[in-house]
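File shown: structure01.pdb (PDB, C-alpha atoms).
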ATOM      1  CA  MET A   1      -3.084 -11.393   5.711  1.00  0.00           C
ATOM      2  CA  LYS A   2      -0.648  -9.428   7.866  1.00  0.00           C
ATOM      3  CA  LYS A   3      -1.937  -6.993  10.434  1.00  0.00           C
ATOM      4  CA  GLN A   4      -1.082  -3.371   9.700  1.00  0.00           C
ATOM      5  CA  ILE A   5       0.964  -1.240  12.084  1.00  0.00           C
ATOM      6  CA  MET A   6       1.234   2.517  11.609  1.00  0.00           C
ATOM      7  CA  ILE A   7       4.374   4.267  12.861  1.00  0.00           C
ATOM      8  CA  VAL A   8       4.130   8.031  13.378  1.00  0.00           C
ATOM      9  CA  ASP A   9       7.409   9.760  14.193  1.00  0.00           C
ATOM     10  CA  ASP A  10       9.183  12.868  12.942  1.00  0.00           C
ATOM     11  CA  ASP A  11      12.595  11.193  13.279  1.00  0.00           C
ATOM     12  CA  PRO A  12      13.434   9.175  10.127  1.00  0.00           C
ATOM     13  CA  THR A  13      16.024   7.125  12.027  1.00  0.00           C
ATOM     14  CA  SER A  14      13.455   6.063  14.645  1.00  0.00           C
ATOM     15  CA  ILE A  15      10.989   5.149  11.906  1.00  0.00           C
ATOM     16  CA  ALA A  16      13.612   3.065  10.075  1.00  0.00           C
ATOM     17  CA  ILE A  17      14.681   1.218  13.228  1.00  0.00           C
ATOM     18  CA  VAL A  18      11.155   0.417  14.427  1.00  0.00           C
ATOM     19  CA  LYS A  19       9.993  -0.519  10.931  1.00  0.00           C
ATOM     20  CA  ALA A  20      12.946  -2.924  10.563  1.00  0.00           C
ATOM     21  CA  MET A  21      11.933  -4.570  13.862  1.00  0.00           C
ATOM     22  CA  LEU A  22       8.348  -5.175  12.707  1.00  0.00           C
ATOM     23  CA  VAL A  23       8.303  -5.494   8.927  1.00  0.00           C
ATOM     24  CA  THR A  24       8.777  -9.279   8.835  1.00  0.00           C
ATOM     25  CA  GLU A  25       5.649  -9.861  10.939  1.00  0.00           C
ATOM     26  CA  TYR A  26       3.435  -6.897  10.021  1.00  0.00           C
ATOM     27  CA  ASP A  27       2.505  -4.614   7.159  1.00  0.00           C
ATOM     28  CA  VAL A  28       4.101  -1.347   8.287  1.00  0.00           C
ATOM     29  CA  VAL A  29       2.902   2.114   7.209  1.00  0.00           C
ATOM     30  CA  THR A  30       4.891   5.181   8.233  1.00  0.00           C
ATOM     31  CA  ASN A  31       4.034   8.841   8.648  1.00  0.00           C
ATOM     32  CA  ALA A  32       6.521  11.609   9.448  1.00  0.00           C
ATOM     33  CA  SER A  33       4.085  13.883  11.285  1.00  0.00           C
ATOM     34  CA  GLY A  34       0.872  13.879  13.257  1.00  0.00           C
ATOM     35  CA  LEU A  35      -0.877  15.859  10.539  1.00  0.00           C
ATOM     36  CA  GLN A  36       0.268  13.413   7.855  1.00  0.00           C
ATOM     37  CA  ALA A  37      -0.996  10.498   9.969  1.00  0.00           C
ATOM     38  CA  MET A  38      -4.426  12.093  10.447  1.00  0.00           C
ATOM     39  CA  GLY A  39      -4.676  12.673   6.696  1.00  0.00           C
ATOM     40  CA  HIS A  40      -3.695   9.068   6.005  1.00  0.00           C
ATOM     41  CA  LEU A  41      -6.298   7.807   8.475  1.00  0.00           C
ATOM     42  CA  GLN A  42      -9.054   9.843   6.791  1.00  0.00           C
ATOM     43  CA  LYS A  43      -8.284   8.386   3.349  1.00  0.00           C
ATOM     44  CA  ASN A  44      -7.363   4.748   4.133  1.00  0.00           C
ATOM     45  CA  ASP A  45      -8.557   1.770   6.118  1.00  0.00           C
ATOM     46  CA  PRO A  46      -7.490   2.068   9.744  1.00  0.00           C
ATOM     47  CA  PRO A  47      -4.436   0.111  10.879  1.00  0.00           C
ATOM     48  CA  ASN A  48      -4.637  -2.556  13.565  1.00  0.00           C
ATOM     49  CA  LEU A  49      -2.284  -0.616  15.874  1.00  0.00           C
ATOM     50  CA  ILE A  50      -0.509   2.748  15.961  1.00  0.00           C
ATOM     51  CA  LEU A  51       2.972   3.426  17.355  1.00  0.00           C
ATOM     52  CA  LEU A  52       2.967   7.149  18.021  1.00  0.00           C
ATOM     53  CA  ASP A  53       5.767   9.498  19.020  1.00  0.00           C
ATOM     54  CA  ILE A  54       4.622  12.060  21.569  1.00  0.00           C
ATOM     55  CA  VAL A  55       7.044  14.902  20.861  1.00  0.00           C
ATOM     56  CA  MET A  56       6.681  16.095  17.266  1.00  0.00           C
ATOM     57  CA  PRO A  57       6.592  19.578  15.769  1.00  0.00           C
ATOM     58  CA  GLY A  58       3.172  20.878  14.785  1.00  0.00           C
ATOM     59  CA  THR A  59       0.547  18.297  15.677  1.00  0.00           C
ATOM     60  CA  ASP A  60       2.078  16.289  18.530  1.00  0.00           C
ATOM     61  CA  GLY A  61       1.259  12.738  19.563  1.00  0.00           C
ATOM     62  CA  MET A  62      -1.141  13.787  22.300  1.00  0.00           C
ATOM     63  CA  GLU A  63      -3.214  15.767  19.772  1.00  0.00           C
ATOM     64  CA  VAL A  64      -3.246  12.797  17.380  1.00  0.00           C
ATOM     65  CA  LEU A  65      -4.363  10.516  20.217  1.00  0.00           C
ATOM     66  CA  LYS A  66      -7.221  12.856  21.117  1.00  0.00           C
ATOM     67  CA  TYR A  67      -8.241  12.984  17.440  1.00  0.00           C
ATOM     68  CA  LEU A  68      -8.267   9.172  17.281  1.00  0.00           C
ATOM     69  CA  LYS A  69     -10.328   8.759  20.423  1.00  0.00           C
ATOM     70  CA  SER A  70     -12.872  11.364  19.287  1.00  0.00           C
ATOM     71  CA  ASN A  71     -13.490   9.562  15.969  1.00  0.00           C
ATOM     72  CA  SER A  72     -15.814   6.550  16.239  1.00  0.00           C
ATOM     73  CA  LYS A  73     -14.131   4.854  13.233  1.00  0.00           C
ATOM     74  CA  LEU A  74     -10.690   5.123  14.861  1.00  0.00           C
ATOM     75  CA  ALA A  75     -11.351   5.155  18.606  1.00  0.00           C
ATOM     76  CA  ASP A  76     -10.759   1.439  19.182  1.00  0.00           C
ATOM     77  CA  ILE A  77      -7.354   1.286  17.496  1.00  0.00           C
ATOM     78  CA  PRO A  78      -4.710   0.444  20.104  1.00  0.00           C
ATOM     79  CA  VAL A  79      -2.092   3.174  20.469  1.00  0.00           C
ATOM     80  CA  ILE A  80       1.356   2.768  21.988  1.00  0.00           C
ATOM     81  CA  PHE A  81       3.270   5.973  22.680  1.00  0.00           C
ATOM     82  CA  MET A  82       6.962   5.826  21.797  1.00  0.00           C
ATOM     83  CA  THR A  83       8.873   8.421  23.755  1.00  0.00           C
ATOM     84  CA  SER A  84      12.151   9.382  25.311  1.00  0.00           C
ATOM     85  CA  VAL A  85      10.224  11.550  27.795  1.00  0.00           C
ATOM     86  CA  ASP A  86      10.011   9.776  31.140  1.00  0.00           C
ATOM     87  CA  ARG A  87       7.783  12.036  33.215  1.00  0.00           C
ATOM     88  CA  PRO A  88       4.846  10.625  35.185  1.00  0.00           C
ATOM     89  CA  GLU A  89       2.598  13.580  34.268  1.00  0.00           C
ATOM     90  CA  ILE A  90       3.035  12.786  30.552  1.00  0.00           C
ATOM     91  CA  GLN A  91       2.160   9.151  31.161  1.00  0.00           C
ATOM     92  CA  LEU A  92      -0.847  10.177  33.243  1.00  0.00           C
ATOM     93  CA  GLU A  93      -2.094  12.535  30.519  1.00  0.00           C
ATOM     94  CA  GLY A  94      -1.582   9.770  27.959  1.00  0.00           C
ATOM     95  CA  TYR A  95      -3.571   7.200  29.917  1.00  0.00           C
ATOM     96  CA  VAL A  96      -6.338   9.712  30.668  1.00  0.00           C
ATOM     97  CA  SER A  97      -6.492  10.533  26.945  1.00  0.00           C
ATOM     98  CA  GLY A  98      -6.790   6.852  26.016  1.00  0.00           C
ATOM     99  CA  VAL A  99      -3.313   5.565  25.171  1.00  0.00           C
ATOM    100  CA  ASP A 100      -2.955   1.810  25.630  1.00  0.00           C
ATOM    101  CA  ASP A 101       0.737   1.585  26.503  1.00  0.00           C
ATOM    102  CA  PHE A 102       4.121   3.304  26.415  1.00  0.00           C
ATOM    103  CA  ILE A 103       7.517   2.199  25.174  1.00  0.00           C
ATOM    104  CA  GLN A 104      10.723   4.083  25.883  1.00  0.00           C
ATOM    105  CA  LYS A 105      13.140   5.210  23.185  1.00  0.00           C
ATOM    106  CA  PRO A 106      15.539   3.847  22.227  1.00  0.00           C
ATOM    107  CA  VAL A 107      13.141   0.987  21.567  1.00  0.00           C
ATOM    108  CA  HIS A 108      14.079  -2.500  22.753  1.00  0.00           C
ATOM    109  CA  GLU A 109      13.091  -4.953  20.007  1.00  0.00           C
ATOM    110  CA  LYS A 110      11.785  -7.838  22.118  1.00  0.00           C
ATOM    111  CA  LEU A 111       9.846  -5.511  24.396  1.00  0.00           C
ATOM    112  CA  LEU A 112       8.336  -3.721  21.392  1.00  0.00           C
ATOM    113  CA  LYS A 113       7.265  -6.996  19.794  1.00  0.00           C
ATOM    114  CA  MET A 114       5.739  -8.204  23.069  1.00  0.00           C
ATOM    115  CA  LYS A 115       3.832  -4.954  23.629  1.00  0.00           C
ATOM    116  CA  VAL A 116       2.549  -4.911  20.040  1.00  0.00           C
ATOM    117  CA  ALA A 117       1.442  -8.559  20.207  1.00  0.00           C
ATOM    118  CA  HIS A 118      -0.212  -7.958  23.593  1.00  0.00           C
ATOM    119  CA  GLN A 119      -2.177  -4.914  22.397  1.00  0.00           C
ATOM    120  CA  LEU A 120      -3.243  -6.692  19.192  1.00  0.00           C
ATOM    121  CA  TYR A 121      -4.475  -9.638  21.263  1.00  0.00           C
ATOM    122  CA  ILE A 122      -6.495  -7.350  23.545  1.00  0.00           C
ATOM    123  CA  TYR A 123      -7.889  -5.552  20.478  1.00  0.00           C
ATOM    124  CA  GLU A 124      -8.991  -8.872  18.949  1.00  0.00           C
ATOM    125  CA  LEU A 125     -10.666  -9.897  22.211  1.00  0.00           C
ATOM    126  CA  LYS A 126     -12.540  -6.586  22.353  1.00  0.00           C
ATOM    127  CA  GLN A 127     -13.668  -6.969  18.736  1.00  0.00           C
ATOM    128  CA  GLU A 128     -14.860 -10.525  19.392  1.00  0.00           C
ATOM    129  CA  ASN A 129     -16.689  -9.325  22.505  1.00  0.00           C
ATOM    130  CA  LYS A 130     -18.481  -6.677  20.408  1.00  0.00           C
ATOM    131  CA  ARG A 131     -19.477  -9.278  17.793  1.00  0.00           C
ATOM    132  CA  LEU A 132     -20.795 -11.647  20.455  1.00  0.00           C
ATOM    133  CA  HIS A 133     -22.715  -8.827  22.136  1.00  0.00           C
ATOM    134  CA  GLN A 134     -24.325  -7.890  18.812  1.00  0.00           C
ATOM    135  CA  GLN A 135     -25.235 -11.523  18.132  1.00  0.00           C
ATOM    136  CA  THR A 136     -26.735 -11.825  21.605  1.00  0.00           C
ATOM    137  CA  GLN A 137     -28.813  -8.697  21.022  1.00  0.00           C
ATOM    138  CA  MET A 138     -30.061 -10.060  17.679  1.00  0.00           C
ATOM    139  CA  ILE A 139     -31.021 -13.387  19.263  1.00  0.00           C
ATOM    140  CA  LYS A 140     -32.782 -11.578  22.091  1.00  0.00           C
ATOM    141  CA  MET A 141     -34.758  -9.486  19.584  1.00  0.00           C
ATOM    142  CA  ARG A 142     -35.787 -12.616  17.666  1.00  0.00           C
ATOM    143  CA  ILE A 143     -36.866 -14.370  20.839  1.00  0.00           C
ATOM    144  CA  ASP A 144     -38.885 -11.314  21.820  1.00  0.00           C
ATOM    145  CA  GLN A 145     -40.540 -11.309  18.384  1.00  0.00           C
ATOM    146  CA  VAL A 146     -41.443 -14.989  18.688  1.00  0.00           C
ATOM    147  CA  PHE A 147     -42.955 -14.472  22.130  1.00  0.00           C
ATOM    148  CA  ASP A 148     -44.857 -11.418  20.879  1.00  0.00           C
ATOM    149  CA  THR A 149     -46.537 -13.517  18.176  1.00  0.00           C
ATOM    150  CA  PHE A 150     -47.860 -15.903  20.840  1.00  0.00           C
ATOM    151  CA  MET A 151     -49.135 -13.198  23.119  1.00  0.00           C
TER
END

For this file, produce the structure as structure tokens.
Amino acid sequence: MKKQIMIVDDDPTSIAIVKAMLVTEYDVVTNASGLQAMGHLQKNDPPNLILLDIVMPGTDGMEVLKYLKSNSKLADIPVIFMTSVDRPEIQLEGYVSGVDDFIQKPVHEKLLKMKVAHQLYIYELKQENKRLHQQTQMIKMRIDQVFDTFM
């Protein structure tokens, strides 16, 4: 089963270009606005990664990012900002708000694919770490129960 990537961008040309770069390897879902993306996320299973434009009319990428990070169901989804804005204060705000990476527009295909693969790998490692931690806690509880019966 292919991993799902969500692209959120108000520019149809950017969406088409980025989708064409990824569609052979991933299931790609697109949204033309931040508000549309938030609605999609409320009604559907979360994607494995989100490529998010920062500058959009209405609900911008920074607002969408803050929404994602404040929702426990969505907070762990890796987010890569796609932007033509190259100002350190924007990057700083993005990292403080929880973005995982940035990619400059126009998007370079090989760099995009590498960044996506890298963030998906980190996401998988984090998910595996959570599963192992939960298993360890369950084993610890069982051991404690066994010891309690002998005490």

Produce a table with one row for each residue of segment 82-114 of chain A that has an atom at most 8 Å from any atom of segment 15-38 of chain A, each row naming the nearest atom pair and its distance in Å at one decimal; use all atoms listed in the file; arrange rows by chain and rising residue number; format as a tab-separated table.
residue	atom	partner	partner_atom	distance
A:Val107	CA	A:Val18	CA	7.4
A:Glu109	CA	A:Met21	CA	6.3
A:Lys113	CA	A:Leu22	CA	7.4

Exercise. Pick the closest to Gly61 of chain A from A:Val85, A:Ile103, A:Ile77, A:Val8: which is it, counting only C-alpha atoms?
Worked result: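 Closest to Gly61 of chain A, using only C-alpha atoms: A:Val8.
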
For this session: Rounded to one decimal place, report the atom CA of Glu93 of chain A-atom CA of Ser70 of chain A distance in Å.
Result: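 These atoms are spaced 15.6 Å apart.
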
For this session: With the file shown as input, list the residues that the PyMOL selection byres ((chain A and resi 120-133) around 9) selects, as an NGL selection string.
Result: :A and (3 or 48-49 or 76-78 or 115-119 or 134-138)

Problem set entry | Spatial neighbours of segment 65-69 of chain A, 12 Å, all atoms listed in the file, chain gap at least 3 places, as a count of residues only | 38

Problem set entry | Pairwise distance for atom CA of Lys105 of chain A and atom CA of Thr83 of chain A, rounded to one decimal in Å |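 Result for atom CA of Lys105 of chain A versus atom CA of Thr83 of chain A: 5.4 Å, one decimal.
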
Problem set entry | Counting all atoms listed in the file, the residue of A:Met82, A:Arg142, A:Phe150, A:Leu111 that sits nearest Ile7 of chain A |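 The shortest atom-to-atom distance to Ile7 of chain A comes from A:Met82.
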
Exercise. What gap, in Å, lies between atom CA of Pro57 of chain A and atom CA of Ile90 of chain A?
Worked result: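 Pair atom CA of Pro57 of chain A / atom CA of Ile90 of chain A returns 16.7 Å.
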
Segment 36-44 of chain A, all listed atoms, 6 Å padding on each side: what axis-aligned box centre and edge lengths in Å to one decimal come out, as AutoDock Vina command-line options?
--center_x -4.4 --center_y 9.1 --center_z 6.9 --size_x 21.3 --size_y 20.7 --size_z 19.1
